[in-house]
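Peer 1: Shown below is the structure under consideration.
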Amino acid sequence: MGNSAIEVNGDTVDSYTADVKITTHGSDAYWAITAVMAFTTILFIAHSFTKPRTDRIFHYITISITLVASIAYFTMASNLGWASIFIEFQRDDPLVSGTTREIFYVRYIDWVITTPLLLLDILLTAGLPWPTILFTILLDEVMIITGLVGALVKSSYKWGFFTFGCVAFFGVAWSVAWTGRKHANALGSDIGRVYLMTSVWTLFLWLLYPIAWGVSEGGNVISPDSEAAFYGTLDVLAKPIFGIILLWGHRNIPASRLGLALRDYADLPRGATVNKPDNSVVAPPQEA
Ligand code: RET
């Protein structure tokens, strides 16, 4: 009895080899998804020019998401960004037998940047107050970081981190499914419709991530190649396809409806300066 944390968790990281790791098939899958992410990034950049600069906020956010994912997938396709971790559940199945498994921590570096951006896309569509958005993003970061720490743990303690992550996810889902929906509907039925599409799509897909985690980093049930296909499919649906649905939904909704339109230099009177103490715009004296 007593505190046995040091004995139970002992050495976690093996030397830089892993028994259970991706093969060329897994790498091929990661390369294919790298290409999809990079292609949609270019597509979204090109499409952003169809909007005035003041109305590009959702383009900027969505471009950032697929750009970061392109780099993360490039890393995993190159068989980089992983650590060799002792397996809690050792299995006889040759696909997952051995004592150590490749855990791609770079996946979580991607998610810690991109999942807050996905939430921004959704919650800005709903016009939620910024403290609610910030708190939801904090819960999201708790979810991703506990997922990362749990993935790097060799003992049953990993499920403690997983549980914290699931609790945080519940809070995120609450904001998206309940608070956000009410705000979006109040802004008009067209905004309510975009919100419904993007939020239902997101919640459905996000529910599958803890399952993928449970059979990969958690339970060592599926091989790292299958893990590549599972997470890869989810990521393509949750990022590029989500982005297309979101930007298409926003095509007729000016950012000003959401309180997000910004001032652009082209909107100022010619030669105007912004030098009054209250930052108001002063037009230059007219010539006689
Ligand atoms: C983890 C494990 C801990 C418990 C939960 C998880 C959920 C992860 C989610 C990830 C979403 C990622 C996305 C990536 C975009 O491409 C961290 C797996 C609940 C929901 C959308």
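We label chains A, B, ... in the order they appear in the structure tokens, count residues from 1 in each chain, and number ligands from 1 in the order shown.
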Please find the residues contacting ligand 1 at a distance of at most 8 Å between atoms, with only C-alpha atoms and all ligand atoms counted, and report them as a ChimeraX atom specification.

Peer 2: /A:69,108,110-111,114-115,118,143-148,150,161-170,202,205-214,234-239

Peer 1: Determine which residues of region 20-268 of chain A receive a DSSP assignment of alpha helix (DSSP H), computed from the backbone, and state them as a ChimeraX atom specification.

Peer 2: /A:24-48,57-77,106-125,130-151,158-174,180-186,189-213,224-236,242-249

Peer 1: Applying 9 Å and only C-alpha atoms, which residues near Ile61 (chain A) remain after dropping the ones on its own chain fewer than 5 positions away? List them as a ChimeraX atom specification.

Peer 2: /A:56,117-118,120-121

Peer 1: Once DSSP has gone over the backbone, tell me which residues of region 78-223 of chain A are in strand (DSSP E), as a PyMOL selection string.

Peer 2: chain A and resi 82-86+100-104

Peer 1: Of the residues A:Ala32, A:Ala229, A:Ala184, A:Ile65, which is the one nearest to Pro129 (chain A), using only C-alpha atoms?

Peer 2: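 The closest residue to Pro129 (chain A) is A:Ala184.
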
Peer 1: Neighbours of Asn252 (chain A) within 12 Å (only C-alpha atoms; same-chain residues fewer than 3 positions away dropped), as a list in words?

Peer 2: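 The residues satisfying every condition are Lys51, Asp55, Asp190, Ile191, Val194, Leu246, Leu247, Trp248, Gly249, Ala255, Ser256 and Arg257 of chain A.
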
Peer 1: Neighbours of region 37-44 of chain A within 8 Å (only C-alpha atoms; same-chain residues fewer than 2 positions away dropped), as a count of residues only?

Peer 2: 16

Peer 1: From the options A:Ile87, A:Ile71, A:Leu258, A:Val176, which residue's atoms come nearest to Gly219 (chain A), counting only C-alpha atoms?

Peer 2: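 Using only C-alpha atoms, Gly219 (chain A) sits closest to A:Ile87.
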
Peer 1: One decimal, Å: what's the distance from CA of Pro94 (chain A) over to CA of Ser216 (chain A), could you say?

Peer 2: 14.9 Å

Peer 1: Report the distance between CA of Glu88 (chain A) and CA of Ile103 (chain A) in Å, rounded to one decimal place.

Peer 2: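 Interatomic distance here is 12.8 Å.
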
Peer 1: From the set A:Tyr105, A:Phe58, A:Phe230, A:Trp201, which residue has the shortest atom-to-atom contact distance to Leu80 (chain A), counting only C-alpha atoms?

Peer 2: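 Ranked by minimum distance to Leu80 (chain A), first place goes to A:Tyr105.
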
Peer 1: Excluding same-chain residues fewer than 3 positions from Gly127 (chain A), what lies within 8 Å of it counting only C-alpha atoms, as a PyMOL selection string?

Peer 2: chain A and resi 123-124+180+183-184+187+258-259

Peer 1: Mind giving me the straight-line distance from CA of Ala29 (chain A) to CA of Val142 (chain A) in Å, one decimal?

Peer 2: 28.6 Å

Peer 1: Got a sec: who's within 6 Å of Ser223 (chain A), counting only C-alpha atoms, leaving out chain neighbours fewer than 3 positions off, as a ChimeraX atom specification?

Peer 2: /A:95-96,226

Peer 1: Restricting the output to C-alpha atoms, write the selected residues as a CSV table (one decimal), in the first residue's frame.

Peer 2:
chain,number,residue,atom,x,y,z
A,95,LEU,CA,0.6,-7.0,-36.1
A,96,VAL,CA,0.8,-5.6,-32.6
A,226,SER,CA,-4.4,0.9,-39.3

Peer 1: Nearest to Tyr157 (chain A) among A:Ser27, A:Met1, A:Gly218, A:Thr132, with distances taken over only C-alpha atoms: which residue is it?

Peer 2: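 The shortest atom-to-atom distance to Tyr157 (chain A) comes from A:Gly218.
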